[in-house]
>>> print(open('start.cif').read())   # mmCIF, C-alpha atoms; chains and numbers go by the auth columns
data_entry
#
loop_
_atom_site.group_PDB
_atom_site.id
_atom_site.type_symbol
_atom_site.label_atom_id
_atom_site.label_comp_id
_atom_site.label_asym_id
_atom_site.label_seq_id
_atom_site.Cartn_x
_atom_site.Cartn_y
_atom_site.Cartn_z
_atom_site.B_iso_or_equiv
_atom_site.auth_seq_id
_atom_site.auth_asym_id
ATOM 1 C CA MET A 1 0.000 0.000 0.000 0.00 1427 C
ATOM 2 C CA GLY A 2 1.196 3.462 -0.799 0.00 1428 C
ATOM 3 C CA ALA A 3 1.155 6.397 1.574 0.00 1429 C
ATOM 4 C CA LEU A 4 -1.763 8.781 1.404 0.00 1430 C
ATOM 5 C CA LYS A 5 -1.172 12.364 0.375 0.00 1431 C
ATOM 6 C CA ILE A 6 -2.384 14.698 3.121 0.00 1432 C
ATOM 7 C CA ASP A 7 -2.471 18.458 2.590 0.00 1433 C
ATOM 8 C CA CYS A 8 -1.275 19.929 5.861 0.00 1434 C
ATOM 9 C CA TYR A 9 -1.041 23.551 6.911 0.00 1435 C
ATOM 10 C CA CYS A 10 2.491 23.064 8.243 0.00 1436 C
ATOM 11 C CA ASN A 11 5.404 21.623 6.299 0.00 1437 C
ATOM 12 C CA GLU A 12 7.612 18.668 7.224 0.00 1438 C
ATOM 13 C CA LYS A 13 10.197 20.860 8.950 0.00 1439 C
ATOM 14 C CA GLN A 14 7.560 22.503 11.152 0.00 1440 C
ATOM 15 C CA MET A 15 5.985 19.147 12.037 0.00 1441 C
ATOM 16 C CA GLY A 16 9.418 17.780 12.935 0.00 1442 C
ATOM 17 C CA LYS A 17 10.013 20.790 15.183 0.00 1443 C
ATOM 18 C CA ILE A 18 6.636 20.274 16.878 0.00 1444 C
ATOM 19 C CA ILE A 19 7.251 16.577 17.461 0.00 1445 C
ATOM 20 C CA ASP A 20 10.767 17.263 18.787 0.00 1446 C
ATOM 21 C CA MET A 21 9.471 19.842 21.267 0.00 1447 C
ATOM 22 C CA VAL A 22 6.676 17.591 22.541 0.00 1448 C
ATOM 23 C CA ALA A 23 9.079 14.627 22.796 0.00 1449 C
ATOM 24 C CA ALA A 24 11.554 16.760 24.762 0.00 1450 C
ATOM 25 C CA HIS A 25 8.701 17.827 27.056 0.00 1451 C
ATOM 26 C CA LEU A 26 7.735 14.189 27.540 0.00 1452 C
ATOM 27 C CA TYR A 27 11.254 13.040 28.413 0.00 1453 C
ATOM 28 C CA ASP A 28 11.810 16.043 30.730 0.00 1454 C
ATOM 29 C CA SER A 29 8.607 15.343 32.676 0.00 1455 C
ATOM 30 C CA ASP A 30 8.156 13.125 35.690 0.00 1456 C
ATOM 31 C CA ARG A 31 7.112 9.705 34.397 0.00 1457 C
ATOM 32 C CA GLY A 32 4.430 9.328 37.062 0.00 1458 C
ATOM 33 C CA ASP A 33 2.707 12.597 36.188 0.00 1459 C
ATOM 34 C CA VAL A 34 3.386 13.973 32.716 0.00 1460 C
ATOM 35 C CA ALA A 35 2.196 17.567 32.469 0.00 1461 C
ATOM 36 C CA ASP A 36 0.042 18.603 29.538 0.00 1462 C
ATOM 37 C CA PHE A 37 1.729 20.397 26.639 0.00 1463 C
ATOM 38 C CA ASP A 38 0.130 23.618 25.392 0.00 1464 C
ATOM 39 C CA ASP A 39 2.350 25.995 23.459 0.00 1465 C
ATOM 40 C CA VAL A 40 2.400 28.177 20.349 0.00 1466 C
ATOM 41 C CA ILE A 41 4.931 27.104 17.747 0.00 1467 C
ATOM 42 C CA ASP A 42 5.210 28.982 14.442 0.00 1468 C
ATOM 43 C CA ASP A 43 1.738 30.573 14.817 0.00 1469 C
ATOM 44 C CA MET A 44 0.136 27.200 15.589 0.00 1470 C
ATOM 45 C CA ARG A 45 -1.184 26.203 18.979 0.00 1471 C
ATOM 46 C CA ILE A 46 -0.092 22.685 19.888 0.00 1472 C
ATOM 47 C CA CYS A 47 -2.032 20.863 22.602 0.00 1473 C
ATOM 48 C CA ALA A 48 -1.322 17.411 23.996 0.00 1474 C
ATOM 49 C CA GLN A 49 -2.849 15.967 27.145 0.00 1475 C
ATOM 50 C CA PHE A 50 -1.508 12.802 28.719 0.00 1476 C
ATOM 51 C CA ASP A 51 -2.833 10.207 31.146 0.00 1477 C
ATOM 52 C CA THR A 52 -0.536 8.050 33.248 0.00 1478 C
ATOM 53 C CA TYR A 53 -1.689 4.754 34.682 0.00 1479 C
ATOM 54 C CA MET A 54 0.634 2.134 36.154 0.00 1480 C
ATOM 55 C CA ASP A 55 3.743 3.739 34.591 0.00 1481 C
ATOM 56 C CA VAL A 56 2.192 3.761 31.115 0.00 1482 C
ATOM 57 C CA VAL A 57 1.679 7.157 29.518 0.00 1483 C
ATOM 58 C CA ASN A 58 -1.250 7.416 27.109 0.00 1484 C
ATOM 59 C CA LEU A 59 -2.276 10.228 24.817 0.00 1485 C
ATOM 60 C CA ARG A 60 -5.648 11.617 25.854 0.00 1486 C
ATOM 61 C CA ILE A 61 -5.995 14.601 23.507 0.00 1487 C
ATOM 62 C CA SER A 62 -3.823 16.006 20.737 0.00 1488 C
ATOM 63 C CA GLU A 63 -4.665 19.018 18.614 0.00 1489 C
ATOM 64 C CA VAL A 64 -3.030 21.412 16.192 0.00 1490 C
ATOM 65 C CA LEU A 65 -4.830 24.757 15.868 0.00 1491 C
ATOM 66 C CA ASP A 66 -4.167 27.685 13.558 0.00 1492 C
ATOM 67 C CA SER A 67 -3.655 31.294 14.618 0.00 1493 C
ATOM 68 C CA ASP A 68 -7.444 31.752 14.930 0.00 1494 C
ATOM 69 C CA TRP A 69 -7.605 28.663 17.220 0.00 1495 C
ATOM 70 C CA ASP A 70 -9.444 26.643 14.559 0.00 1496 C
ATOM 71 C CA LEU A 71 -8.632 22.941 14.500 0.00 1497 C
ATOM 72 C CA LEU A 72 -6.387 21.821 11.640 0.00 1498 C
ATOM 73 C CA TYR A 73 -7.714 18.297 11.024 0.00 1499 C
ATOM 74 C CA GLU A 74 -4.979 17.007 8.709 0.00 1500 C
ATOM 75 C CA ASP A 75 -2.168 18.390 10.860 0.00 1501 C
ATOM 76 C CA THR A 76 -3.808 16.946 13.970 0.00 1502 C
ATOM 77 C CA ALA A 77 -3.985 13.510 12.330 0.00 1503 C
ATOM 78 C CA VAL A 78 -0.286 13.594 11.395 0.00 1504 C
ATOM 79 C CA PHE A 79 0.687 14.976 14.812 0.00 1505 C
ATOM 80 C CA THR A 80 -1.328 12.305 16.629 0.00 1506 C
ATOM 81 C CA SER A 81 0.114 9.509 14.526 0.00 1507 C
ATOM 82 C CA ARG A 82 3.703 10.601 15.082 0.00 1508 C
ATOM 83 C CA LEU A 83 3.155 11.320 18.770 0.00 1509 C
ATOM 84 C CA ARG A 84 1.710 7.832 19.325 0.00 1510 C
ATOM 85 C CA ALA A 85 4.919 6.351 17.891 0.00 1511 C
ATOM 86 C CA ILE A 86 6.970 8.507 20.296 0.00 1512 C
ATOM 87 C CA LEU A 87 4.792 7.381 23.224 0.00 1513 C
ATOM 88 C CA ASN A 88 5.181 3.721 22.245 0.00 1514 C
ATOM 89 C CA ASP A 89 8.979 4.104 22.328 0.00 1515 C
ATOM 90 C CA TYR A 90 8.778 6.050 25.593 0.00 1516 C
ATOM 91 C CA ASN A 91 6.686 3.370 27.284 0.00 1517 C
ATOM 92 C CA ARG A 92 8.830 0.533 25.906 0.00 1518 C
ATOM 93 C CA ASN A 93 12.021 2.234 27.137 0.00 1519 C
ATOM 94 C CA GLY A 94 10.458 2.763 30.562 0.00 1520 C
ATOM 95 C CA LYS A 95 9.441 -0.873 30.802 0.00 1521 C
ATOM 96 C CA GLU A 96 12.901 -2.065 29.717 0.00 1522 C
ATOM 97 C CA SER A 97 14.551 0.270 32.245 0.00 1523 C
ATOM 98 C CA GLY A 98 12.377 -1.154 35.009 0.00 1524 C
ATOM 99 C CA CYS A 99 13.267 -4.730 34.041 0.00 1525 C
ATOM 100 C CA GLN A 100 16.953 -3.854 33.898 0.00 1526 C
ATOM 101 C CA ALA A 101 16.801 -2.227 37.345 0.00 1527 C
ATOM 102 C CA HIS A 102 15.077 -5.334 38.708 0.00 1528 C
ATOM 103 C CA HIS A 103 17.838 -7.576 37.302 0.00 1529 C
ATOM 104 C CA VAL A 104 20.582 -5.348 38.713 0.00 1530 C
ATOM 105 C CA LEU A 105 18.996 -5.442 42.166 0.00 1531 C
ATOM 106 C CA ALA A 106 18.556 -9.211 41.922 0.00 1532 C
ATOM 107 C CA ASP A 107 22.258 -9.610 41.006 0.00 1533 C
ATOM 108 C CA ARG A 108 23.308 -7.446 43.937 0.00 1534 C
ATOM 109 C CA TRP A 109 21.104 -9.454 46.273 0.00 1535 C
ATOM 110 C CA ASP A 110 22.679 -12.698 45.001 0.00 1536 C
ATOM 111 C CA GLU A 111 26.162 -11.308 45.735 0.00 1537 C
ATOM 112 C CA LEU A 112 25.260 -10.810 49.382 0.00 1538 C
#
>>> encode(input="start.cif", output="structure tokens")
Amino acid sequence: MGALKIDCYCNEKQMGKIIDMVAAHLYDSDRGDVADFDDVIDDMRICAQFDTYMDVVNLRISEVLDSDWDLLYEDTAVFTSRLRAILNDYNRNGKESGCQAHHVLADRWDEL
């Protein structure tokens, strides 16, 4: 299957910048309580709300709005899709870190 052509308001560079900023926000936040992201980037308002349950962060709401605060549907779809991929990596890395910490503690306990 080929990729669908979506006409977005923002270009690839702007979308990359948006995703990078939200990803940086995610990794800078406390894993147990990720704060919502609401910022204006290149005349677009970017909103992302997160839920955390049992050390898994889920995307509750994601929106891209223009300068008049009207929802940009195509941009929101692309943003949501890319942000879900970032969240999947974030949650997988968190789970792997927890398993690794458990193994390290188990090894230290065995040494005693």
>>> residues_near_point(input="start.cif", point="(2.7, 6.9, 32.9)", cutoff="10 Å", atoms="only C-alpha atoms", output="list in words")
Asp1456, Arg1457, Gly1458, Asp1459, Val1460, Phe1476, Asp1477, Thr1478, Tyr1479, Met1480, Asp1481, Val1482, Val1483, Asn1484, Leu1513, Tyr1516, Asn1517 and Gly1520 of chain C
>>> closest_residue(input="start.cif", among="C:Leu1452, C:Ile1487, C:Met1447, C:Cys1473", to="Asp1515 of chain C", atoms="all atoms listed in the file")
C:Leu1452
>>> resolve_selection(input="start.cif", expression="the PyMOL selection byres ((chain C and resi 1437-1441) around 9)", output="VMD selection string")
chain C and resid 1434 to 1436 1442 to 1446 1467 to 1468 1501 1504 to 1505
>>> atom_distance(input="start.cif", atom1="atom CA of Ala1449 of chain C", atom2="atom CA of Gly1524 of chain C")
20.2 Å
>>> residues_near_point(input="start.cif", point="(-7.6, 21.7, 15.2)", cutoff="10 Å", atoms="all atoms listed in the file", output="list in words")
Met1470, Arg1471, Ile1472, Cys1473, Ser1488, Glu1489, Val1490, Leu1491, Asp1492, Trp1495, Asp1496, Leu1497, Leu1498, Tyr1499, Glu1500, Asp1501, Thr1502 and Ala1503 of chain C
>>> atom_distance(input="start.cif", atom1="atom CA of Leu1509 of chain C", atom2="atom CA of Ala1474 of chain C")
9.2 Å
>>> atom_distance(input="start.cif", atom1="atom CA of Ala1511 of chain C", atom2="atom CA of His1451 of chain C")
15.2 Å
>>> axis_aligned_box(input="start.cif", around="segment 1432-1436 of chain C", padding_each_side="4 Å", output="JSON")
{"center_x": 0.0, "center_y": 19.1, "center_z": 5.4, "size_x": 13.0, "size_y": 16.9, "size_z": 13.7}
>>> build_atoms(input="start.cif", residues="segment 1487-1498 of chain C", atoms="all heavy atoms", output="PDB file, keeping the file's coordinate frame")
ATOM      1  N   ILE C1487      -5.549  13.645  24.525  1.00  0.00           N
ATOM      2  CA  ILE C1487      -5.995  14.601  23.507  1.00  0.00           C
ATOM      3  C   ILE C1487      -4.767  15.167  22.805  1.00  0.00           C
ATOM      4  O   ILE C1487      -3.761  15.467  23.443  1.00  0.00           O
ATOM      5  CB  ILE C1487      -6.792  15.763  24.141  1.00  0.00           C
ATOM      6  CG1 ILE C1487      -8.083  15.252  24.775  1.00  0.00           C
ATOM      7  CG2 ILE C1487      -7.104  16.843  23.116  1.00  0.00           C
ATOM      8  CD1 ILE C1487      -8.822  16.301  25.579  1.00  0.00           C
ATOM      9  N   SER C1488      -4.868  15.311  21.494  1.00  0.00           N
ATOM     10  CA  SER C1488      -3.823  16.006  20.737  1.00  0.00           C
ATOM     11  C   SER C1488      -4.501  16.848  19.667  1.00  0.00           C
ATOM     12  O   SER C1488      -5.409  16.377  18.984  1.00  0.00           O
ATOM     13  CB  SER C1488      -2.844  15.017  20.103  1.00  0.00           C
ATOM     14  OG  SER C1488      -3.507  14.175  19.202  1.00  0.00           O
ATOM     15  N   GLU C1489      -4.070  18.094  19.573  1.00  0.00           N
ATOM     16  CA  GLU C1489      -4.665  19.018  18.614  1.00  0.00           C
ATOM     17  C   GLU C1489      -3.614  19.973  18.069  1.00  0.00           C
ATOM     18  O   GLU C1489      -2.697  20.368  18.789  1.00  0.00           O
ATOM     19  CB  GLU C1489      -5.768  19.853  19.270  1.00  0.00           C
ATOM     20  CG  GLU C1489      -6.962  19.076  19.732  1.00  0.00           C
ATOM     21  CD  GLU C1489      -7.996  19.936  20.426  1.00  0.00           C
ATOM     22  OE1 GLU C1489      -7.628  20.983  21.003  1.00  0.00           O
ATOM     23  OE2 GLU C1489      -9.165  19.561  20.382  1.00  0.00           O
ATOM     24  N   VAL C1490      -3.807  20.342  16.819  1.00  0.00           N
ATOM     25  CA  VAL C1490      -3.030  21.412  16.192  1.00  0.00           C
ATOM     26  C   VAL C1490      -4.049  22.445  15.727  1.00  0.00           C
ATOM     27  O   VAL C1490      -4.979  22.117  14.985  1.00  0.00           O
ATOM     28  CB  VAL C1490      -2.201  20.900  15.000  1.00  0.00           C
ATOM     29  CG1 VAL C1490      -1.445  22.046  14.351  1.00  0.00           C
ATOM     30  CG2 VAL C1490      -1.243  19.798  15.435  1.00  0.00           C
ATOM     31  N   LEU C1491      -3.888  23.680  16.199  1.00  0.00           N
ATOM     32  CA  LEU C1491      -4.830  24.757  15.868  1.00  0.00           C
ATOM     33  C   LEU C1491      -4.088  25.876  15.145  1.00  0.00           C
ATOM     34  O   LEU C1491      -2.910  26.128  15.422  1.00  0.00           O
ATOM     35  CB  LEU C1491      -5.481  25.289  17.147  1.00  0.00           C
ATOM     36  CG  LEU C1491      -6.183  24.223  17.977  1.00  0.00           C
ATOM     37  CD1 LEU C1491      -5.622  24.241  19.382  1.00  0.00           C
ATOM     38  CD2 LEU C1491      -7.644  24.455  17.994  1.00  0.00           C
ATOM     39  N   ASP C1492      -4.791  26.565  14.271  1.00  0.00           N
ATOM     40  CA  ASP C1492      -4.167  27.685  13.558  1.00  0.00           C
ATOM     41  C   ASP C1492      -4.166  28.937  14.429  1.00  0.00           C
ATOM     42  O   ASP C1492      -4.551  28.892  15.601  1.00  0.00           O
ATOM     43  CB  ASP C1492      -4.849  27.919  12.202  1.00  0.00           C
ATOM     44  CG  ASP C1492      -6.294  28.358  12.312  1.00  0.00           C
ATOM     45  OD1 ASP C1492      -6.761  28.659  13.433  1.00  0.00           O
ATOM     46  OD2 ASP C1492      -6.969  28.406  11.259  1.00  0.00           O
ATOM     47  N   SER C1493      -3.770  30.055  13.852  1.00  0.00           N
ATOM     48  CA  SER C1493      -3.655  31.294  14.618  1.00  0.00           C
ATOM     49  C   SER C1493      -5.009  31.824  15.099  1.00  0.00           C
ATOM     50  O   SER C1493      -5.065  32.621  16.029  1.00  0.00           O
ATOM     51  CB  SER C1493      -2.945  32.369  13.792  1.00  0.00           C
ATOM     52  OG  SER C1493      -3.650  32.592  12.584  1.00  0.00           O
ATOM     53  N   ASP C1494      -6.097  31.377  14.485  1.00  0.00           N
ATOM     54  CA  ASP C1494      -7.444  31.752  14.930  1.00  0.00           C
ATOM     55  C   ASP C1494      -8.032  30.722  15.888  1.00  0.00           C
ATOM     56  O   ASP C1494      -9.221  30.776  16.205  1.00  0.00           O
ATOM     57  CB  ASP C1494      -8.379  31.910  13.722  1.00  0.00           C
ATOM     58  CG  ASP C1494      -7.978  33.062  12.832  1.00  0.00           C
ATOM     59  OD1 ASP C1494      -7.464  34.073  13.370  1.00  0.00           O
ATOM     60  OD2 ASP C1494      -8.166  32.955  11.604  1.00  0.00           O
ATOM     61  N   TRP C1495      -7.227  29.763  16.317  1.00  0.00           N
ATOM     62  CA  TRP C1495      -7.605  28.663  17.220  1.00  0.00           C
ATOM     63  C   TRP C1495      -8.641  27.725  16.594  1.00  0.00           C
ATOM     64  O   TRP C1495      -9.439  27.112  17.277  1.00  0.00           O
ATOM     65  CB  TRP C1495      -8.095  29.151  18.580  1.00  0.00           C
ATOM     66  CG  TRP C1495      -7.174  30.081  19.303  1.00  0.00           C
ATOM     67  CD1 TRP C1495      -7.545  31.216  19.951  1.00  0.00           C
ATOM     68  CD2 TRP C1495      -5.760  29.990  19.483  1.00  0.00           C
ATOM     69  NE1 TRP C1495      -6.451  31.823  20.504  1.00  0.00           N
ATOM     70  CE2 TRP C1495      -5.340  31.098  20.226  1.00  0.00           C
ATOM     71  CE3 TRP C1495      -4.787  29.088  19.063  1.00  0.00           C
ATOM     72  CZ2 TRP C1495      -4.012  31.327  20.576  1.00  0.00           C
ATOM     73  CZ3 TRP C1495      -3.460  29.313  19.406  1.00  0.00           C
ATOM     74  CH2 TRP C1495      -3.081  30.419  20.160  1.00  0.00           C
ATOM     75  N   ASP C1496      -8.609  27.621  15.255  1.00  0.00           N
ATOM     76  CA  ASP C1496      -9.444  26.643  14.559  1.00  0.00           C
ATOM     77  C   ASP C1496      -8.643  25.357  14.389  1.00  0.00           C
ATOM     78  O   ASP C1496      -7.448  25.388  14.072  1.00  0.00           O
ATOM     79  CB  ASP C1496      -9.859  27.160  13.173  1.00  0.00           C
ATOM     80  CG  ASP C1496     -10.784  28.362  13.262  1.00  0.00           C
ATOM     81  OD1 ASP C1496     -11.592  28.416  14.222  1.00  0.00           O
ATOM     82  OD2 ASP C1496     -10.687  29.246  12.391  1.00  0.00           O
ATOM     83  N   LEU C1497      -9.299  24.235  14.586  1.00  0.00           N
ATOM     84  CA  LEU C1497      -8.632  22.941  14.500  1.00  0.00           C
ATOM     85  C   LEU C1497      -8.184  22.655  13.073  1.00  0.00           C
ATOM     86  O   LEU C1497      -8.954  22.826  12.118  1.00  0.00           O
ATOM     87  CB  LEU C1497      -9.581  21.836  14.979  1.00  0.00           C
ATOM     88  CG  LEU C1497      -9.011  20.429  15.022  1.00  0.00           C
ATOM     89  CD1 LEU C1497      -7.904  20.337  16.073  1.00  0.00           C
ATOM     90  CD2 LEU C1497     -10.107  19.433  15.333  1.00  0.00           C
ATOM     91  N   LEU C1498      -6.932  22.244  12.925  1.00  0.00           N
ATOM     92  CA  LEU C1498      -6.387  21.821  11.640  1.00  0.00           C
ATOM     93  C   LEU C1498      -6.435  20.292  11.619  1.00  0.00           C
ATOM     94  O   LEU C1498      -5.592  19.618  12.208  1.00  0.00           O
ATOM     95  CB  LEU C1498      -4.952  22.335  11.468  1.00  0.00           C
ATOM     96  CG  LEU C1498      -4.789  23.852  11.481  1.00  0.00           C
ATOM     97  CD1 LEU C1498      -3.323  24.234  11.559  1.00  0.00           C
ATOM     98  CD2 LEU C1498      -5.443  24.458  10.253  1.00  0.00           C
TER      99      LEU C1498
END
